[in-house]
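S.K.: Here you go, final.csv (CSV, N, CA and C atoms and all ligand atoms):
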chain,number,residue,atom,x,y,z
L,196,MET,N,37.4,-2.9,63.7
L,196,MET,CA,38.5,-2.0,64.1
L,196,MET,C,38.1,-1.4,65.5
L,197,HIS,N,39.1,-1.3,66.3
L,197,HIS,CA,38.9,-0.7,67.7
L,197,HIS,C,38.5,0.8,67.5
L,198,PRO,N,37.4,1.2,68.3
L,198,PRO,CA,37.0,2.6,68.1
L,198,PRO,C,38.0,3.7,68.3
L,199,SER,N,38.9,3.5,69.2
L,199,SER,CA,39.9,4.6,69.5
L,199,SER,C,40.9,4.6,68.3
L,200,ILE,N,41.1,3.5,67.6
L,200,ILE,CA,42.0,3.5,66.5
L,200,ILE,C,41.4,4.3,65.3
L,201,ARG,N,40.1,4.1,65.2
L,201,ARG,CA,39.4,4.8,64.2
L,201,ARG,C,39.5,6.4,64.3
L,202,LEU,N,39.7,6.9,65.5
L,202,LEU,CA,39.8,8.3,65.7
L,202,LEU,C,41.1,8.8,65.2
L,203,LEU,N,42.1,8.0,65.1
L,203,LEU,CA,43.4,8.4,64.7
L,203,LEU,C,43.4,8.7,63.2
L,204,PRO,N,44.1,9.7,62.7
L,204,PRO,CA,44.2,9.9,61.3
L,204,PRO,C,44.9,8.7,60.6
L,205,ARG,N,44.5,8.5,59.4
L,205,ARG,CA,44.9,7.3,58.7
L,205,ARG,C,46.5,7.2,58.7
L,206,HIS,N,47.1,8.3,58.4
L,206,HIS,CA,48.6,8.2,58.3
L,206,HIS,C,49.3,7.9,59.6
L,207,THR,N,48.6,8.3,60.7
L,207,THR,CA,49.2,8.0,62.0
L,207,THR,C,49.2,6.5,62.3
L,208,ILE,N,48.1,5.8,61.8
L,208,ILE,CA,48.0,4.4,62.0
L,208,ILE,C,49.1,3.7,61.2
L,209,GLY,N,49.3,4.2,60.0
L,209,GLY,CA,50.3,3.7,59.1
L,209,GLY,C,51.7,3.8,59.7
L,210,THR,N,52.0,5.0,60.3
L,210,THR,CA,53.3,5.3,60.9
L,210,THR,C,53.5,4.4,62.1
L,211,LEU,N,52.4,4.3,62.9
L,211,LEU,CA,52.4,3.4,64.1
L,211,LEU,C,52.8,2.0,63.7
L,212,PHE,N,52.0,1.5,62.7
L,212,PHE,CA,52.2,0.2,62.3
L,212,PHE,C,53.7,-0.1,61.8
L,213,LEU,N,54.2,0.9,61.0
L,213,LEU,CA,55.5,0.7,60.5
L,213,LEU,C,56.5,0.8,61.6
L,214,ALA,N,56.3,1.6,62.6
L,214,ALA,CA,57.2,1.7,63.7
L,214,ALA,C,57.2,0.4,64.5
L,215,LEU,N,56.1,-0.2,64.7
L,215,LEU,CA,56.0,-1.5,65.4
L,215,LEU,C,56.7,-2.5,64.6
L,216,ALA,N,56.4,-2.6,63.3
L,216,ALA,CA,57.0,-3.6,62.5
L,216,ALA,C,58.5,-3.4,62.4
L,217,GLY,N,58.9,-2.2,62.4
L,217,GLY,CA,60.3,-1.9,62.3
L,217,GLY,C,61.0,-2.4,63.6
L,218,THR,N,60.4,-2.1,64.7
L,218,THR,CA,61.0,-2.5,66.0
L,218,THR,C,61.1,-4.1,66.0
L,219,ALA,N,60.1,-4.8,65.7
L,219,ALA,CA,60.1,-6.2,65.7
L,219,ALA,C,61.2,-6.7,64.8
L,220,CYS,N,61.3,-6.1,63.6
L,220,CYS,CA,62.3,-6.5,62.6
L,220,CYS,C,63.7,-6.3,63.1
L,221,LEU,N,63.9,-5.1,63.7
L,221,LEU,CA,65.2,-4.8,64.3
L,221,LEU,C,65.6,-5.8,65.3
L,222,ALA,N,64.7,-6.1,66.2
L,222,ALA,CA,65.0,-7.1,67.3
L,222,ALA,C,65.4,-8.4,66.7
L,223,GLN,N,64.6,-8.8,65.7
L,223,GLN,CA,64.9,-10.1,65.1
L,223,GLN,C,66.3,-10.1,64.4
L,224,THR,N,66.6,-9.0,63.8
L,224,THR,CA,67.9,-8.9,63.1
L,224,THR,C,69.1,-8.9,64.2
L,225,ALA,N,68.9,-8.2,65.3
L,225,ALA,CA,69.9,-8.2,66.3
L,225,ALA,C,70.1,-9.6,66.9
L,226,ASP,N,68.9,-10.3,67.1
L,226,ASP,CA,69.0,-11.6,67.6
L,226,ASP,C,69.8,-12.5,66.7
L,227,ALA,N,69.4,-12.4,65.4
L,227,ALA,CA,70.1,-13.3,64.4
L,227,ALA,C,71.6,-13.0,64.4
L,228,ALA,N,71.9,-11.7,64.5
L,228,ALA,CA,73.3,-11.3,64.5
L,228,ALA,C,74.1,-11.8,65.7
L,229,ARG,N,73.4,-11.8,66.8
L,229,ARG,CA,74.0,-12.3,68.0
L,229,ARG,C,74.2,-13.8,67.9
L,230,MET,N,73.2,-14.5,67.4
L,230,MET,CA,73.3,-16.0,67.1
L,230,MET,C,74.5,-16.3,66.2
L,231,GLU,N,74.5,-15.5,65.1
L,231,GLU,CA,75.6,-15.7,64.1
L,231,GLU,C,77.0,-15.5,64.7
L,232,ARG,N,77.1,-14.4,65.5
L,232,ARG,CA,78.4,-14.2,66.2
L,232,ARG,C,78.8,-15.3,67.1
L,233,ALA,N,77.8,-15.8,67.9
L,233,ALA,CA,78.0,-16.9,68.8
L,233,ALA,C,78.5,-18.2,68.0
L,234,ARG,N,77.8,-18.4,66.9
L,234,ARG,CA,78.1,-19.6,66.1
L,234,ARG,C,79.5,-19.5,65.5
L,235,ALA,N,79.8,-18.2,65.0
L,235,ALA,CA,81.1,-18.0,64.4
L,235,ALA,C,82.2,-18.2,65.4
L,236,GLN,N,82.0,-17.7,66.6
L,236,GLN,CA,82.9,-17.9,67.7
L,236,GLN,C,83.1,-19.3,68.1
L,237,LEU,N,82.0,-20.0,68.1
L,237,LEU,CA,82.1,-21.5,68.4
L,237,LEU,C,82.9,-22.2,67.4
L,238,GLN,N,82.6,-21.8,66.1
L,238,GLN,CA,83.3,-22.5,65.0
L,238,GLN,C,84.8,-22.2,65.1
L,239,LYS,N,85.2,-21.0,65.5
L,239,LYS,CA,86.6,-20.7,65.6
L,239,LYS,C,87.3,-21.5,66.7
L,240,ARG,N,86.6,-21.7,67.8
L,240,ARG,CA,87.1,-22.5,68.9
L,240,ARG,C,87.2,-23.9,68.5
L,241,PHE,N,86.1,-24.3,67.8
L,241,PHE,CA,86.1,-25.7,67.3
L,241,PHE,C,87.3,-26.0,66.4
L,242,ASP,N,87.5,-25.1,65.4
L,242,ASP,CA,88.6,-25.3,64.5
L,242,ASP,C,90.0,-25.3,65.2
L,243,ALA,N,90.1,-24.4,66.2
L,243,ALA,CA,91.3,-24.4,66.9
L,243,ALA,C,91.6,-25.7,67.7
L,244,ALA,N,90.5,-26.2,68.2
L,244,ALA,CA,90.6,-27.4,69.0
L,244,ALA,C,90.8,-28.7,68.1
L,245,ASP,N,90.3,-28.6,66.9
L,245,ASP,CA,90.4,-29.7,66.0
L,245,ASP,C,91.8,-29.8,65.4
L,246,ALA,N,92.7,-30.4,66.2
L,246,ALA,CA,94.1,-30.4,65.9
L,246,ALA,C,94.4,-31.0,64.5
L,247,ASN,N,93.8,-32.1,64.2
L,247,ASN,CA,94.1,-32.7,62.9
L,247,ASN,C,93.2,-32.3,61.8
L,248,ALA,N,92.3,-31.2,62.0
L,248,ALA,CA,91.5,-30.6,61.0
L,248,ALA,C,90.7,-31.5,60.2
L,249,ASP,N,90.1,-32.5,60.9
L,249,ASP,CA,89.2,-33.5,60.1
L,249,ASP,C,87.7,-33.1,60.3
L,250,GLY,N,87.5,-32.0,61.0
L,250,GLY,CA,86.1,-31.5,61.2
L,250,GLY,C,85.4,-32.2,62.3
L,251,LEU,N,86.2,-33.0,63.0
L,251,LEU,CA,85.6,-33.8,64.2
L,251,LEU,C,86.5,-33.5,65.4
L,252,LEU,N,85.8,-33.5,66.6
L,252,LEU,CA,86.6,-33.4,67.8
L,252,LEU,C,86.7,-34.8,68.5
L,253,SER,N,87.9,-35.3,68.6
L,253,SER,CA,88.0,-36.5,69.4
L,253,SER,C,88.0,-36.1,70.8
L,254,ARG,N,88.0,-37.2,71.7
L,254,ARG,CA,87.9,-36.9,73.1
L,254,ARG,C,89.2,-36.1,73.5
L,255,ASP,N,90.4,-36.5,73.0
L,255,ASP,CA,91.6,-35.8,73.4
L,255,ASP,C,91.6,-34.3,72.9
L,256,GLU,N,91.1,-34.1,71.7
L,256,GLU,CA,91.1,-32.8,71.1
L,256,GLU,C,90.1,-31.9,71.9
L,257,ALA,N,89.0,-32.5,72.3
L,257,ALA,CA,88.0,-31.7,73.2
L,257,ALA,C,88.7,-31.4,74.5
L,258,LYS,N,89.3,-32.4,75.1
L,258,LYS,CA,89.9,-32.2,76.4
L,258,LYS,C,91.0,-31.1,76.4
L,259,ALA,N,91.7,-31.0,75.3
L,259,ALA,CA,92.8,-30.0,75.2
L,259,ALA,C,92.2,-28.6,74.8
L,260,GLY,N,91.3,-28.6,73.9
L,260,GLY,CA,90.9,-27.3,73.3
L,260,GLY,C,89.5,-26.8,73.7
L,261,MET,N,88.6,-27.7,74.1
L,261,MET,CA,87.3,-27.2,74.6
L,261,MET,C,86.8,-28.0,75.8
L,262,PRO,N,87.4,-27.6,77.0
L,262,PRO,CA,87.2,-28.4,78.2
L,262,PRO,C,85.7,-28.5,78.6
L,263,ARG,N,85.0,-27.4,78.3
L,263,ARG,CA,83.6,-27.5,78.7
L,263,ARG,C,82.8,-28.5,77.8
L,264,VAL,N,83.2,-28.6,76.6
L,264,VAL,CA,82.6,-29.6,75.7
L,264,VAL,C,83.0,-31.0,76.1
L,265,PHE,N,84.3,-31.1,76.5
L,265,PHE,CA,84.8,-32.4,77.0
L,265,PHE,C,84.0,-32.9,78.2
L,266,LYS,N,83.7,-32.0,79.1
L,266,LYS,CA,82.9,-32.4,80.3
L,266,LYS,C,81.6,-33.1,79.9
L,267,GLN,N,81.0,-32.6,78.8
L,267,GLN,CA,79.7,-33.1,78.4
L,267,GLN,C,79.8,-34.1,77.2
L,268,PHE,N,81.0,-34.5,76.9
L,268,PHE,CA,81.4,-35.2,75.7
L,268,PHE,C,80.3,-36.3,75.4
L,269,ASP,N,80.0,-37.2,76.4
L,269,ASP,CA,79.2,-38.3,76.1
L,269,ASP,C,77.7,-37.9,75.8
L,270,ARG,N,77.3,-36.8,76.3
L,270,ARG,CA,76.0,-36.3,76.0
L,270,ARG,C,75.9,-35.6,74.7
L,271,ILE,N,77.0,-34.9,74.3
L,271,ILE,CA,77.1,-34.2,73.0
L,271,ILE,C,77.2,-35.2,71.9
L,272,ASP,N,78.0,-36.3,72.1
L,272,ASP,CA,78.3,-37.3,71.1
L,272,ASP,C,77.1,-38.2,71.0
L,273,SER,N,76.0,-37.6,70.3
L,273,SER,CA,74.7,-38.3,70.3
L,273,SER,C,74.7,-39.6,69.5
L,274,ASP,N,75.6,-39.8,68.5
L,274,ASP,CA,75.7,-41.1,67.8
L,274,ASP,C,76.8,-42.0,68.4
L,275,LYS,N,77.4,-41.6,69.5
L,275,LYS,CA,78.3,-42.4,70.2
L,275,LYS,C,79.4,-43.0,69.4
L,276,ASP,N,80.0,-42.2,68.5
L,276,ASP,CA,81.1,-42.7,67.6
L,276,ASP,C,82.4,-42.2,68.2
L,277,GLY,N,82.4,-41.5,69.3
L,277,GLY,CA,83.7,-41.1,69.9
L,277,GLY,C,84.2,-39.8,69.4
L,278,THR,N,83.5,-39.2,68.5
L,278,THR,CA,83.9,-37.9,68.0
L,278,THR,C,82.7,-36.9,68.0
L,279,ILE,N,83.0,-35.6,68.0
L,279,ILE,CA,81.9,-34.6,68.1
L,279,ILE,C,82.0,-33.7,66.8
L,280,THR,N,80.9,-33.4,66.2
L,280,THR,CA,80.8,-32.5,65.1
L,280,THR,C,80.3,-31.1,65.6
L,281,MET,N,80.5,-30.1,64.8
L,281,MET,CA,79.9,-28.8,65.1
L,281,MET,C,78.4,-28.9,65.3
L,282,GLU,N,77.8,-29.7,64.4
L,282,GLU,CA,76.3,-29.9,64.4
L,282,GLU,C,75.9,-30.5,65.8
L,283,GLN,N,76.6,-31.4,66.3
L,283,GLN,CA,76.3,-32.1,67.6
L,283,GLN,C,76.4,-31.1,68.7
L,284,ILE,N,77.4,-30.2,68.6
L,284,ILE,CA,77.6,-29.2,69.7
L,284,ILE,C,76.4,-28.2,69.6
L,285,GLY,N,76.1,-27.8,68.3
L,285,GLY,CA,75.0,-26.9,68.1
L,285,GLY,C,73.6,-27.4,68.6
L,286,SER,N,73.3,-28.7,68.3
L,286,SER,CA,72.0,-29.2,68.8
L,286,SER,C,72.0,-29.4,70.3
L,287,PHE,N,73.2,-29.7,70.8
L,287,PHE,CA,73.3,-29.9,72.3
L,287,PHE,C,73.0,-28.5,72.9
L,288,ALA,N,73.6,-27.5,72.4
L,288,ALA,CA,73.4,-26.1,72.9
L,288,ALA,C,72.0,-25.7,72.8
L,289,ALA,N,71.3,-26.1,71.7
L,289,ALA,CA,69.9,-25.7,71.5
L,289,ALA,C,69.1,-26.4,72.5
L,290,GLN,N,69.4,-27.7,72.8
L,290,GLN,CA,68.7,-28.4,73.8
L,290,GLN,C,68.8,-27.8,75.2
L,291,GLN,N,70.0,-27.3,75.5
L,291,GLN,CA,70.3,-26.7,76.8
L,291,GLN,C,69.4,-25.4,76.9
L,292,ARG,N,69.3,-24.7,75.8
L,292,ARG,CA,68.6,-23.4,75.8
L,292,ARG,C,67.1,-23.6,76.1
L,293,GLN,N,66.6,-24.8,75.6
L,293,GLN,CA,65.1,-25.0,75.8
L,293,GLN,C,64.8,-25.4,77.2
L,294,ARG,N,65.7,-25.8,78.0
L,294,ARG,CA,65.4,-26.3,79.4
L,294,ARG,C,65.3,-25.1,80.3
I,301,CA,CA,89.8,-33.9,64.8
What's the structure tokens form of this structure?

M.R.:
Amino acid sequence: MHPSIRLLPRHTIGTLFLALAGTACLAQTADAARMERARAQLQKRFDAADANADGLLSRDEAKAGMPRVFKQFDRIDSDKDGTITMEQIGSFAAQQRQR
């Protein structure tokens, strides 16, 4: 144990540790909530753009409802079947974030 930590009363260390753990936990929760909101919003836009509600975005549906997705259509359509799923948009977005 670090000498200066040993000087602190035991309960202070405990409180300090809990405070740190709590902060990390809060940050994680806020992050998860942000991600979840972004995902829900994307799902909403996807559903609105999915005119025939088959869970897939065709090129025309993307063009009309999600122009930014349409711009990247060929890159998002990883299996090249001419339609895009929510999962494909999600993994494309994750790839973009990593770069
Ligand atoms: Ca569709």

S.K.: When the cut-off is 12 Å and you count only C-alpha atoms and all ligand atoms, which residues lie near ligand CA 301 (chain I), shown as a ChimeraX atom specification?

M.R.: /L:241-260,277-281

S.K.: Store the residues picked out above, limited to N, CA and C atoms, as a PDB file, in the frame of the given file.

M.R.:
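Once written, out.pdb looks like this:
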ATOM      1  N   PHE L 241      86.100 -24.300  67.800  1.00  0.00           N
ATOM      2  CA  PHE L 241      86.100 -25.700  67.300  1.00  0.00           C
ATOM      3  C   PHE L 241      87.300 -26.000  66.400  1.00  0.00           C
ATOM      4  N   ASP L 242      87.500 -25.100  65.400  1.00  0.00           N
ATOM      5  CA  ASP L 242      88.600 -25.300  64.500  1.00  0.00           C
ATOM      6  C   ASP L 242      90.000 -25.300  65.200  1.00  0.00           C
ATOM      7  N   ALA L 243      90.100 -24.400  66.200  1.00  0.00           N
ATOM      8  CA  ALA L 243      91.300 -24.400  66.900  1.00  0.00           C
ATOM      9  C   ALA L 243      91.600 -25.700  67.700  1.00  0.00           C
ATOM     10  N   ALA L 244      90.500 -26.200  68.200  1.00  0.00           N
ATOM     11  CA  ALA L 244      90.600 -27.400  69.000  1.00  0.00           C
ATOM     12  C   ALA L 244      90.800 -28.700  68.100  1.00  0.00           C
ATOM     13  N   ASP L 245      90.300 -28.600  66.900  1.00  0.00           N
ATOM     14  CA  ASP L 245      90.400 -29.700  66.000  1.00  0.00           C
ATOM     15  C   ASP L 245      91.800 -29.800  65.400  1.00  0.00           C
ATOM     16  N   ALA L 246      92.700 -30.400  66.200  1.00  0.00           N
ATOM     17  CA  ALA L 246      94.100 -30.400  65.900  1.00  0.00           C
ATOM     18  C   ALA L 246      94.400 -31.000  64.500  1.00  0.00           C
ATOM     19  N   ASN L 247      93.800 -32.100  64.200  1.00  0.00           N
ATOM     20  CA  ASN L 247      94.100 -32.700  62.900  1.00  0.00           C
ATOM     21  C   ASN L 247      93.200 -32.300  61.800  1.00  0.00           C
ATOM     22  N   ALA L 248      92.300 -31.200  62.000  1.00  0.00           N
ATOM     23  CA  ALA L 248      91.500 -30.600  61.000  1.00  0.00           C
ATOM     24  C   ALA L 248      90.700 -31.500  60.200  1.00  0.00           C
ATOM     25  N   ASP L 249      90.100 -32.500  60.900  1.00  0.00           N
ATOM     26  CA  ASP L 249      89.200 -33.500  60.100  1.00  0.00           C
ATOM     27  C   ASP L 249      87.700 -33.100  60.300  1.00  0.00           C
ATOM     28  N   GLY L 250      87.500 -32.000  61.000  1.00  0.00           N
ATOM     29  CA  GLY L 250      86.100 -31.500  61.200  1.00  0.00           C
ATOM     30  C   GLY L 250      85.400 -32.200  62.300  1.00  0.00           C
ATOM     31  N   LEU L 251      86.200 -33.000  63.000  1.00  0.00           N
ATOM     32  CA  LEU L 251      85.600 -33.800  64.200  1.00  0.00           C
ATOM     33  C   LEU L 251      86.500 -33.500  65.400  1.00  0.00           C
ATOM     34  N   LEU L 252      85.800 -33.500  66.600  1.00  0.00           N
ATOM     35  CA  LEU L 252      86.600 -33.400  67.800  1.00  0.00           C
ATOM     36  C   LEU L 252      86.700 -34.800  68.500  1.00  0.00           C
ATOM     37  N   SER L 253      87.900 -35.300  68.600  1.00  0.00           N
ATOM     38  CA  SER L 253      88.000 -36.500  69.400  1.00  0.00           C
ATOM     39  C   SER L 253      88.000 -36.100  70.800  1.00  0.00           C
ATOM     40  N   ARG L 254      88.000 -37.200  71.700  1.00  0.00           N
ATOM     41  CA  ARG L 254      87.900 -36.900  73.100  1.00  0.00           C
ATOM     42  C   ARG L 254      89.200 -36.100  73.500  1.00  0.00           C
ATOM     43  N   ASP L 255      90.400 -36.500  73.000  1.00  0.00           N
ATOM     44  CA  ASP L 255      91.600 -35.800  73.400  1.00  0.00           C
ATOM     45  C   ASP L 255      91.600 -34.300  72.900  1.00  0.00           C
ATOM     46  N   GLU L 256      91.100 -34.100  71.700  1.00  0.00           N
ATOM     47  CA  GLU L 256      91.100 -32.800  71.100  1.00  0.00           C
ATOM     48  C   GLU L 256      90.100 -31.900  71.900  1.00  0.00           C
ATOM     49  N   ALA L 257      89.000 -32.500  72.300  1.00  0.00           N
ATOM     50  CA  ALA L 257      88.000 -31.700  73.200  1.00  0.00           C
ATOM     51  C   ALA L 257      88.700 -31.400  74.500  1.00  0.00           C
ATOM     52  N   LYS L 258      89.300 -32.400  75.100  1.00  0.00           N
ATOM     53  CA  LYS L 258      89.900 -32.200  76.400  1.00  0.00           C
ATOM     54  C   LYS L 258      91.000 -31.100  76.400  1.00  0.00           C
ATOM     55  N   ALA L 259      91.700 -31.000  75.300  1.00  0.00           N
ATOM     56  CA  ALA L 259      92.800 -30.000  75.200  1.00  0.00           C
ATOM     57  C   ALA L 259      92.200 -28.600  74.800  1.00  0.00           C
ATOM     58  N   GLY L 260      91.300 -28.600  73.900  1.00  0.00           N
ATOM     59  CA  GLY L 260      90.900 -27.300  73.300  1.00  0.00           C
ATOM     60  C   GLY L 260      89.500 -26.800  73.700  1.00  0.00           C
ATOM     61  N   GLY L 277      82.400 -41.500  69.300  1.00  0.00           N
ATOM     62  CA  GLY L 277      83.700 -41.100  69.900  1.00  0.00           C
ATOM     63  C   GLY L 277      84.200 -39.800  69.400  1.00  0.00           C
ATOM     64  N   THR L 278      83.500 -39.200  68.500  1.00  0.00           N
ATOM     65  CA  THR L 278      83.900 -37.900  68.000  1.00  0.00           C
ATOM     66  C   THR L 278      82.700 -36.900  68.000  1.00  0.00           C
ATOM     67  N   ILE L 279      83.000 -35.600  68.000  1.00  0.00           N
ATOM     68  CA  ILE L 279      81.900 -34.600  68.100  1.00  0.00           C
ATOM     69  C   ILE L 279      82.000 -33.700  66.800  1.00  0.00           C
ATOM     70  N   THR L 280      80.900 -33.400  66.200  1.00  0.00           N
ATOM     71  CA  THR L 280      80.800 -32.500  65.100  1.00  0.00           C
ATOM     72  C   THR L 280      80.300 -31.100  65.600  1.00  0.00           C
ATOM     73  N   MET L 281      80.500 -30.100  64.800  1.00  0.00           N
ATOM     74  CA  MET L 281      79.900 -28.800  65.100  1.00  0.00           C
ATOM     75  C   MET L 281      78.400 -28.900  65.300  1.00  0.00           C
TER      76      MET L 281
END

S.K.: Record the distance separating atom CA of Phe212 of chain L and atom CA of Ala228 of chain L, expressed in Å with one decimal.

M.R.: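 Between these atoms lies a distance of 24.1 Å.
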
S.K.: At what distance in Å, to one decimal, does atom CA of Val264 of chain L lie from atom CA of Gly285 of chain L?

M.R.: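 Separating atom CA of Gly285 of chain L from atom CA of Val264 of chain L is a distance of 11.1 Å.
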
S.K.: Suppose you want the space between atom CA of Arg240 of chain L and atom CA of Met261 of chain L; what is it in Å?

M.R.: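 Those two atoms sit 7.4 Å apart.
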
S.K.: Chain L: which residues are helix (DSSP H, G or I) by DSSP, as a VMD selection string?

M.R.: chain L and resid 198 to 202 205 to 244 254 to 260 262 to 266 268 to 271 281 to 293

S.K.: Can you tell me, as a ChimeraX atom specification, what residues are no more than 7 Å from segment 266-271 of chain L when counting only C-alpha atoms, ignoring any on the same chain fewer than 6 positions away?

M.R.: /L:279,283-284,287
